[in-house]
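Asks: Before anything else, here's the structure in question.
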Amino acid sequence: MTFTHFIFGNLSFSALPENAIAWGGALTVIFGAVIVLALITFFNAWTWLWREWLTSLDPKRIGVMYILVSVVMFVRGLFDVGLMRVQQATSVGDAHGILTATHFQEIFSAHGSIMIFFVAMGFMFGIVNLVLPLQIGARDVAFPFLNSASFWLFCAGAALINLSLIVGDFSTAGWLSYPPLSELAYSPTSGVDYWIWSLQIAGIGSLLSGVNFLATIVKMRAKGMSYMKMPMFAWTVFGAMTLVVFAFPVLTVTLALLSLDRTLGMHFFTAAGGGNMMMYVNLIWAWGHPEVYILILPAFGIFSEVVSTFSGKKLAGYASMVYAIWAIVFLSWLVWLHHFFTMGAGADVNAFFGIMTAVIAIPTGVKIFNWLFTMYRGRIRFTSPMLWFMGFVVLFTLGGVAGVVLSEPVADYQLHNSLFLVAHFHTMIVSGVLFGYFAGVTYWFPKVTGFHLNERWGIRAFWLWLVGFILAFGPLYILGFMGATRRLDHYDPSMGWQGLFIVAAVGAFLIMLGFLCQIIQLVVSIRDRKLNPDTTGDPWYGRTLEWSMRSPAPEYNFAVLPEVTERDEFWVMKQAGTAHAAAPIYEDIAVPRNSGAGILIGAFAVVIGFGIIWHIWWLMIVGLIGVAACIIVRTFDEDTERVISASEVARIETMKTI
Amino acid sequence: MMNIPVLDPKGPIALAEMHVMVITVVLCAIVVIPVFFLLFYFAWRYRAGSPHASALHLPDWDHDNRAAEFSWWLVPTIIIVVLAIIAWQSTHALDPYKPLPGDVPAITVDVVALDWKWLFIYPAEGIASVNKVEFPAGTPVHFYLTADAPMNSFWIPALAGQIMVMPGMTTQLNVMADNPGTYNGMSANISGEGFSGMSFTAESVSQDDFDAWVASAKSGSTPLDRSSYAALSAPSSYLPVAYYGTIDNDLFDSILIKYMATSSSVGGMDMGMHMP
């Protein structure tokens, strides 16, 4: 080993981008970062940012940061969409579009990885952070510092995946990077390593979050809140976090084994040398299928809250809903093989997994009926969260039919890896997961900020998303029947696919406009915040505990910890006239002190990842020592709490909003 | 005229697979249509401000109607039970490994997925072709598949669903075309840079035309032996159709076996850590 190799590992100038579009991506990241840093400096906001946000252990602050990072990553995921749609609409016959095959493959691999790990997961943990402690009547999560560390590990993964735009390349093997394509023999560059380590680091953060929220639900519910009195969103988070705790270790191990293959020449999944690639495919989907429910269960919870609140009614069939959640949690472990029915397993095996997959449609269908009968004899207010729900039911039901079709193994033989499959899972994840999170953000926004999101821009965004989605993915269902497989960077005009790809590109463009409306919505809402304040703390006439406190929710959440006697406690109190009745007696409240250790752990995690990716071993060791040092120093920190005095609580509680 | 092979099948397997799709959609419609109706009916009838929303508002209505709640579980369950029976039967009936009955004996084609093209070896006929597979209409075709490349998925949508193609393993697929015709085939699993350029043509012809095709391939001078195979298996894509007049009968097995060995030096695998 030469000295240069010791210092720089595999890093060299050839790791810089190769062509104009790749440079465009790299420069966007660099300029974006420079502009953000310059603005912070210009407004002299570093101290404020550090004290109020970056080192905060308040789950509401952490939740907001999760969502902001997700929005930034969503912008990147949508850029990827634009490039892919233009490529597939134009790369026909003699024309080869705007991207090289390799660059196209990097983009779809990045799109999937980013949208699942850094948009959907981030959004989900963001909303859970914002809402869960409030809903169960808790002042905090079980382990406030761990929560901060989880968030910064998530950011570390996001940072690595963006770094791959500037230094080196990204995996070309798809968002799950199946071996042997992802092995060193076929993917010798750093791309797959970037994929492994950005997911690995973010995944560890997710696992720790899962442990944290599970402990929070089990141990920190308000007095009197038995499980069957929990709000439905809390139930869905309970289910999802149970899945996180069991599924993410599988991902961690799978990625570690692939990394051992690539970095130390082992043979877990290699084509030759005794490796078995199908072992990887089984393992990654043993995580991957529960992952789908990790994302969607909290969205189901959001819809349950939204429908019940905006129909002015109790959720119909609460117990059914709870059973349905746990049926889904259990069944999600028995379906992973449906992702590769075409492997050539025997008919008994395929039929078993096909039937189990179809069985999941039962609890899911039950949930839909529960929501519909919550609307029955209600008094329905069509706010934008309710519109997202209506759009969700329409699209999700149709996508669900496509899913039941795919659950039939013999139908899957024909549609596997076709654009029909791509359309199916986008229908489930966009309408199920994203629409749900959009509804949730709109619904809880006043609770977190003290003012409403602008409704007019929200409704515009909804319609653009809905119409855009139908135009973007309707053609993909048809293309699947026409024999178009996913991930093609080029096709022959004789296939007759181009017209539909152009329609899909138009749809994608409308979705981007919808997203732009949401950005405008945020800006307009902040500008007009004095016109849309939430002065009551209960803007929607809500049912659950989070609406019983002032908006924005104070750092300590509840000035006086609630005692729960009923499901929908706050609604019952309002009906009985006991809400806000007695003048509260305030007492001192201990909240966690800020800690910079979380962000440092995240920074050192980036160093570890970068060191392994480029085989710069001394750098990896520096990162490991850094993380260990942060943990040890934090462990010896005895002074982790700060007391807010009773008089300060009283001052905050009687303060005017905005 | 749109070419929709999955819904316009040209062989018994693809036809049966399409039937399962259609039955599934019809059964699902039993739940989906009421859902859509109830969604929009309730949304309209109980919208805030409507007379019904005021007169009929029941804020605490939960599940007084046990029969209704029971039916939400029961109806989907019945449908899924029916679908499960269909799944069990069709998966066994249409097992891709199961030879198809036919009036004439099946022909065997060994398929090798390469970076990025398809090699079709006809062991009985003693010929091989690249990116083109031809067989008589009405004759069952038994494919044995392996890869000398990353994982691929072999798909001729007009004739049958896919089967994965993996190095060091064989999979099988049985298909038949009802009538003469030409069909698109492709890989449905990303296998690297030239993946989009590994489509092939499947053609079903009369027995006479097939015999003539074999004879013309045999007249070609290029043999498929270790050296020509090495040249073919080097990465390349968008390859035109090519033929080999003679074949090495052990080639398919040797491709398979080289990945099965446990030594770390086989299979062209470079175990060093290197950068391009």
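Chain labels run A, B, ... following the order of the structure tokens; each chain numbers its residues from 1, and ligands are numbered from 1 in the order shown.
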When you look at Leu7 in chain B with a cut-off of 10 Å (counting only C-alpha atoms), what residues show up, excluding the ones that are within fewer than 4 positions of it in the same chain? I need them as a VMD selection string.
Replies: (chain A and resid 478 481 to 483) or (chain B and resid 3 14 to 15 17 to 19 21 to 22 157 to 158)
Asks: Produce a file of the selected residues containing C-alpha atoms, as an mmCIF file, in the first residue's frame.
Replies:
```cif
data_model
loop_
_atom_site.group_PDB
_atom_site.id
_atom_site.type_symbol
_atom_site.label_atom_id
_atom_site.label_comp_id
_atom_site.auth_asym_id
_atom_site.auth_seq_id
_atom_site.Cartn_x
_atom_site.Cartn_y
_atom_site.Cartn_z
ATOM 1 C CA ILE A 478 -51.328 0.114 -19.373
ATOM 2 C CA PHE A 481 -49.863 -4.859 -19.911
ATOM 3 C CA MET A 482 -48.006 -3.824 -23.061
ATOM 4 C CA GLY A 483 -44.910 -5.608 -21.816
ATOM 5 C CA ASN B 3 -49.916 -4.112 -28.950
ATOM 6 C CA ALA B 14 -50.531 -16.506 -21.004
ATOM 7 C CA LEU B 15 -54.255 -17.001 -21.684
ATOM 8 C CA GLU B 17 -52.769 -16.211 -16.551
ATOM 9 C CA MET B 18 -54.911 -13.466 -18.039
ATOM 10 C CA HIS B 19 -58.067 -15.295 -16.958
ATOM 11 C CA MET B 21 -56.309 -11.489 -13.593
ATOM 12 C CA VAL B 22 -59.808 -10.933 -14.953
ATOM 13 C CA PRO B 157 -45.409 -11.557 -22.431
ATOM 14 C CA ALA B 158 -47.563 -12.868 -25.282
#
```
Asks: Can you tell me which residues surround Glu653 in chain A at a distance of at most 10 Å, considering only C-alpha atoms, apart from same-chain residues fewer than 6 positions away, and format the answer as a ChimeraX atom specification?
Replies: /A:549-551,553-554,558-559,586,647
Asks: Could you give me, as CSV, a per-residue list for range 483-532 of chain A showing, wherever an atom lies at most 12 Å from an atom of range 234-247 of chain B, the closest pair of atoms and their distance in Å to one decimal, using only C-alpha atoms and sorting by chain then residue number from low to high?
Replies:
```
residue,atom,partner,partner_atom,distance
A:His490,CA,B:Tyr238,CA,10.6
A:Tyr491,CA,B:Tyr238,CA,10.5
A:Asp492,CA,B:Tyr238,CA,10.8
```
Asks: Write down as an MDAnalysis selection string the residues belonging to range 16-232 of chain B that are assigned strand (DSSP E or B) by DSSP computed on the backbone.
Replies: chainID B and resid 47 107:114 117:122 127:130 132:136 141:147 152:156 160:165 171:175 181:187 200:205 223:224
Asks: Could you pull the residues within 9 Å of Ala110 in chain A, counting only C-alpha atoms, minus those fewer than 6 positions along the same chain, as a PyMOL selection string?
Replies: chain A and resi 77+80+161+170-172+174-175+195
Asks: Can you pull out the residues contacting Gln89 in chain B? Cut-off 12 Å, using only C-alpha atoms, and skip same-chain residues under 3 positions away; I want them as number ranges by chain.
Replies: A: 347-348, 350-352, 354-355, 408-410; B: 16-17, 20, 82-86, 92-95
Asks: Choose the residue, out of B:Tyr229, B:Phe143, B:Tyr41, B:Phe210, that has the smallest atom-to-atom separation from Val130 in chain B; count only C-alpha atoms.
Replies: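 The shortest atom-to-atom distance to Val130 in chain B comes from B:Tyr229.
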Asks: State, in Å with one decimal place, the distance from CA of Val205 in chain B to CA of Pro140 in chain B.
Replies: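 Distance between the two atoms: 12.6 Å.
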Asks: I'd like the contact shell of range 607-616 of chain A - 8 Å cut-off, only C-alpha atoms, skipping same-chain residues fewer than 6 positions apart - returned as an NGL selection string.
Replies: :A and (6-11 or 160 or 190 or 193-194 or 197-198 or 201 or 622-624)
